[in-house]
Amino acid sequence: MAEARPVSEEEARGLFACFLAHEHVALAVSGGSDSVAMMALAARWAAKTPHAPRLSVLSVDHGLRPEAAAEARDVRRQARDLGLAAHVLRWRGDKPDSGIQAAARAARYGLLGAWCAEHGAALAVAHTRGDQAETVLMRLMRGSGLDGLCGMARESRVPSFNGACVPLLRPLLDVPRARLRASLRAAGLAWVDDPSNDDPAHERVRLRKALAALGLDVEALARSARRLRRARAALDDIRDDWLAAHFAAHAQGWGTFALPPLLALPREIRLRILHFAVAAFGPGGYVNLAGLERLEGWLSGGTGRARVFGGVRFVRRKAILVAGREPGRIAASATLRPDVPEIVWDGRFRIRVRELTGTVDVRPLQGAPGQDVLPSRPAAVPAFVWAGQPVLCRRERILAAPLIGWQTPRPPFSEVVLAHSPAGPCGEERTGG
């Protein structure tokens, strides 16, 4: 069968070309056929590719099966045989009684993202054409819109432990599992099959069996996802052209949209612009399409001057729509220490202190003590935006407000450096029903 051919070296050059944009790529390897094949193919590709990135292998031991520790050791041995450094990450603590697959997935990406952020690596996962088809079918069952039915992206981002985002790569997204297993057989490499992958208690397993029972063509579903992604790109181009002409970003982390031109757009483009606002000013992540549609309905003719959605406050004025982080949804305070002099705060601002003595807390201005030491709020800056700016505090005293360039005399540091963290959600860029 054509699909049973091993992946050729020429094909591998195209599959792993996305790695060349990164200096370090960590391969998530569970021991299953897909991820072991990715590890073997990537190692072979890197050995023959000038300027290939450094490759590391990460294996997560969820502690859910007695065999898991031995399987992680096997992955480490296989990686070593391929000339790759491998690390085992362990999910510690109590496990939930229900929703275990979702909890395990969240824990896995949390551990992987934290390691990658600490070591400056992009993360590569071994999702295949079959995984893409299952994802499209799952989202179709939930009433997803165009973005959801585009399936998984080849490149997106995953959140890390400190609020930053780690690049997430899926080099095998158009490759059938049968060809990956053929590649492993040709190389004489073994893999393990997780029994949970055949347990009908899990939604993905039921969908996989439904695909086979109904005779649904995996390639056709994946092809539909590619075509829908092409349509999405065209709509996003229209959105971006509109934003270039009618959107303004402000230094304090908020934005304004020209309201009359926004209301003149087709509804689908308005929804995309509102999604952009949620991605740019909210905490990121999954955006509920039904909620976004309700927000658009308010904008187009609903009552009330303001709405909050996805952690973002929208304020409708006569000629503009104002959007910015809702103060009540801002992350709790974080601590800067001499050994941790830099953080990404609230997913929006990268804050670094130089020559810090002791510790300082970073918190939103809203609720911080001693606000009377700060200058007055400029009239052009909305009150809720002003309340959501970061301030550095110690012992109930404000030491600095870096967003407006203010600090107290003789602070316990030489300088505070603040930069905007790249806008946009971590994780899959999609909306769902």
# chains A, B, ... in the order shown; residues from 1 in each chain; ligands from 1
call {"tool": "residues_around", "arguments": {"residues": "A:Ala331", "least_positions_apart": "2", "cutoff": "10 Å", "atoms": "only C-alpha atoms", "output": "list in words"}}
result
Gly163, Pro283, Pro327, Gly328, Arg329, Ser333, Ala334, Trp345, Asp346, Gly347, Arg363 and Pro364 of chain A
call {"tool": "write_last_selection", "arguments": {"atoms": "C-alpha atoms", "output": "compact mmCIF listing (two decimals), in the first residue's frame"}}
result
# COMPACT_ATOMS: atom_id res chain seq x y z
CA GLY A 163 3.01 33.47 31.57
CA PRO A 283 -5.39 36.31 29.26
CA PRO A 327 -8.85 44.77 36.38
CA GLY A 328 -10.87 42.16 38.23
CA ARG A 329 -9.50 39.44 35.93
CA SER A 333 0.64 39.30 42.48
CA ALA A 334 3.99 37.79 41.55
CA TRP A 345 3.25 39.52 34.36
CA ASP A 346 -0.40 38.84 33.51
CA GLY A 347 0.67 37.56 30.09
CA ARG A 363 0.51 43.54 41.51
CA PRO A 364 -2.21 45.54 39.74
call {"tool": "residues_around", "arguments": {"residues": "A:Thr256", "least_positions_apart": "5", "cutoff": "9 Å", "atoms": "only C-alpha atoms", "output": "list in words"}}
result
His246, Phe247, Ala248, Ala249, His250, Ile320, Leu321, Val322, Ala323 and Gly324 of chain A
call {"tool": "write_last_selection", "arguments": {"atoms": "C-alpha atoms", "output": "PDB file, in the first residue's frame"}}
result
ATOM      1  CA  HIS A 246      -8.956  51.720  12.019  1.00  0.00           C
ATOM      2  CA  PHE A 247      -7.236  50.308  15.138  1.00  0.00           C
ATOM      3  CA  ALA A 248      -4.849  52.102  17.513  1.00  0.00           C
ATOM      4  CA  ALA A 249      -2.778  50.414  20.239  1.00  0.00           C
ATOM      5  CA  HIS A 250      -1.772  52.503  23.268  1.00  0.00           C
ATOM      6  CA  ILE A 320     -14.771  54.394  19.238  1.00  0.00           C
ATOM      7  CA  LEU A 321     -14.810  51.013  20.946  1.00  0.00           C
ATOM      8  CA  VAL A 322     -12.317  50.835  23.826  1.00  0.00           C
ATOM      9  CA  ALA A 323     -10.811  47.464  24.825  1.00  0.00           C
ATOM     10  CA  GLY A 324      -8.420  46.579  27.640  1.00  0.00           C
TER      11      GLY A 324
END
call {"tool": "select_by_dssp", "arguments": {"residues": "stretch 242-427 of chain A", "states": "alpha helix (DSSP H)", "output": "VMD selection string"}}
result
chain A and resid 242 to 246 259 to 263 267 to 281 289 to 301 383 to 387
call {"tool": "residues_around", "arguments": {"residues": "A:Met152", "least_positions_apart": "4", "cutoff": "12 Å", "atoms": "only C-alpha atoms", "output": "number ranges by chain"}}
result
A: 125-139, 147-148, 156-157, 168-174, 222, 225-226, 228-229, 427-431
call {"tool": "closest_atom_pairs", "arguments": {"of": "stretch 8-60 of chain A", "to": "stretch 80-91 of chain A", "cutoff": "6 Å", "atoms": "only C-alpha atoms", "output": "Markdown table"}}
result
| residue | atom | partner | partner_atom | distance |
| --- | --- | --- | --- | --- |
| A:Ser56 | CA | A:Ala85 | CA | 5.3 |
| A:Val57 | CA | A:Ala86 | CA | 4.4 |
| A:Leu58 | CA | A:His87 | CA | 5.1 |
| A:Ser59 | CA | A:Val88 | CA | 4.9 |
| A:Val60 | CA | A:Leu89 | CA | 4.7 |
call {"tool": "write_last_selection", "arguments": {"atoms": "N, CA and C atoms", "output": "PDB file, in the first residue's frame"}}
result
ATOM      1  N   SER A  56      16.331  18.007  21.936  1.00  0.00           N
ATOM      2  CA  SER A  56      16.210  17.316  23.218  1.00  0.00           C
ATOM      3  C   SER A  56      14.947  16.465  23.176  1.00  0.00           C
ATOM      4  N   VAL A  57      14.885  15.464  24.017  1.00  0.00           N
ATOM      5  CA  VAL A  57      13.714  14.587  24.105  1.00  0.00           C
ATOM      6  C   VAL A  57      13.118  14.716  25.500  1.00  0.00           C
ATOM      7  N   LEU A  58      11.805  14.944  25.561  1.00  0.00           N
ATOM      8  CA  LEU A  58      11.087  15.039  26.829  1.00  0.00           C
ATOM      9  C   LEU A  58      10.035  13.940  26.892  1.00  0.00           C
ATOM     10  N   SER A  59      10.030  13.199  27.976  1.00  0.00           N
ATOM     11  CA  SER A  59       9.027  12.165  28.193  1.00  0.00           C
ATOM     12  C   SER A  59       8.336  12.443  29.523  1.00  0.00           C
ATOM     13  N   VAL A  60       7.008  12.401  29.534  1.00  0.00           N
ATOM     14  CA  VAL A  60       6.242  12.694  30.745  1.00  0.00           C
ATOM     15  C   VAL A  60       5.736  11.393  31.353  1.00  0.00           C
TER      16      VAL A  60
END
call {"tool": "residues_around", "arguments": {"residues": "stretch 383-392 of chain A", "least_positions_apart": "2", "cutoff": "9 Å", "atoms": "only C-alpha atoms", "output": "number ranges by chain"}}
result
A: 252-254, 313, 323-328, 330, 345-346, 349, 360-368, 377-379, 381, 394, 397-404, 407
call {"tool": "residues_around", "arguments": {"residues": "A:Leu123", "least_positions_apart": "2", "cutoff": "8 Å", "atoms": "only C-alpha atoms", "output": "list in words"}}
result
Val25, Ala26, Leu27, Ala28, Leu112, Gly113, Cys116, Ala121, Val125, Val166, Pro167, Leu168 and Leu169 of chain A
call {"tool": "decode", "arguments": {"residues": "stretch 259-270 of chain A", "atoms": "N, CA and C atoms", "output": "PDB file, in the first residue's frame"}}
result
ATOM      1  N   LEU A 259     -15.541  52.992  15.623  1.00  0.00           N
ATOM      2  CA  LEU A 259     -16.820  52.289  15.757  1.00  0.00           C
ATOM      3  C   LEU A 259     -17.684  52.331  14.499  1.00  0.00           C
ATOM      4  N   PRO A 260     -17.921  53.486  13.857  1.00  0.00           N
ATOM      5  CA  PRO A 260     -18.781  53.464  12.649  1.00  0.00           C
ATOM      6  C   PRO A 260     -18.249  52.532  11.558  1.00  0.00           C
ATOM      7  N   PRO A 261     -16.936  52.561  11.225  1.00  0.00           N
ATOM      8  CA  PRO A 261     -16.456  51.596  10.220  1.00  0.00           C
ATOM      9  C   PRO A 261     -16.582  50.148  10.679  1.00  0.00           C
ATOM     10  N   LEU A 262     -16.447  49.906  11.993  1.00  0.00           N
ATOM     11  CA  LEU A 262     -16.586  48.549  12.512  1.00  0.00           C
ATOM     12  C   LEU A 262     -18.010  48.033  12.323  1.00  0.00           C
ATOM     13  N   LEU A 263     -18.997  48.876  12.613  1.00  0.00           N
ATOM     14  CA  LEU A 263     -20.395  48.465  12.473  1.00  0.00           C
ATOM     15  C   LEU A 263     -20.804  48.293  11.021  1.00  0.00           C
ATOM     16  N   ALA A 264     -20.044  48.877  10.089  1.00  0.00           N
ATOM     17  CA  ALA A 264     -20.366  48.756   8.666  1.00  0.00           C
ATOM     18  C   ALA A 264     -19.850  47.448   8.059  1.00  0.00           C
ATOM     19  N   LEU A 265     -19.071  46.685   8.810  1.00  0.00           N
ATOM     20  CA  LEU A 265     -18.473  45.454   8.282  1.00  0.00           C
ATOM     21  C   LEU A 265     -19.468  44.295   8.290  1.00  0.00           C
ATOM     22  N   PRO A 266     -19.246  43.270   7.455  1.00  0.00           N
ATOM     23  CA  PRO A 266     -20.020  42.026   7.587  1.00  0.00           C
ATOM     24  C   PRO A 266     -19.806  41.418   8.976  1.00  0.00           C
ATOM     25  N   ARG A 267     -20.788  40.694   9.452  1.00  0.00           N
ATOM     26  CA  ARG A 267     -20.738  40.184  10.819  1.00  0.00           C
ATOM     27  C   ARG A 267     -19.520  39.293  11.046  1.00  0.00           C
ATOM     28  N   GLU A 268     -19.172  38.470  10.083  1.00  0.00           N
ATOM     29  CA  GLU A 268     -18.038  37.556  10.258  1.00  0.00           C
ATOM     30  C   GLU A 268     -16.751  38.314  10.497  1.00  0.00           C
ATOM     31  N   ILE A 269     -16.542  39.435   9.815  1.00  0.00           N
ATOM     32  CA  ILE A 269     -15.325  40.223  10.013  1.00  0.00           C
ATOM     33  C   ILE A 269     -15.372  40.924  11.371  1.00  0.00           C
ATOM     34  N   ARG A 270     -16.559  41.402  11.774  1.00  0.00           N
ATOM     35  CA  ARG A 270     -16.679  41.998  13.112  1.00  0.00           C
ATOM     36  C   ARG A 270     -16.298  40.978  14.190  1.00  0.00           C
TER      37      ARG A 270
END
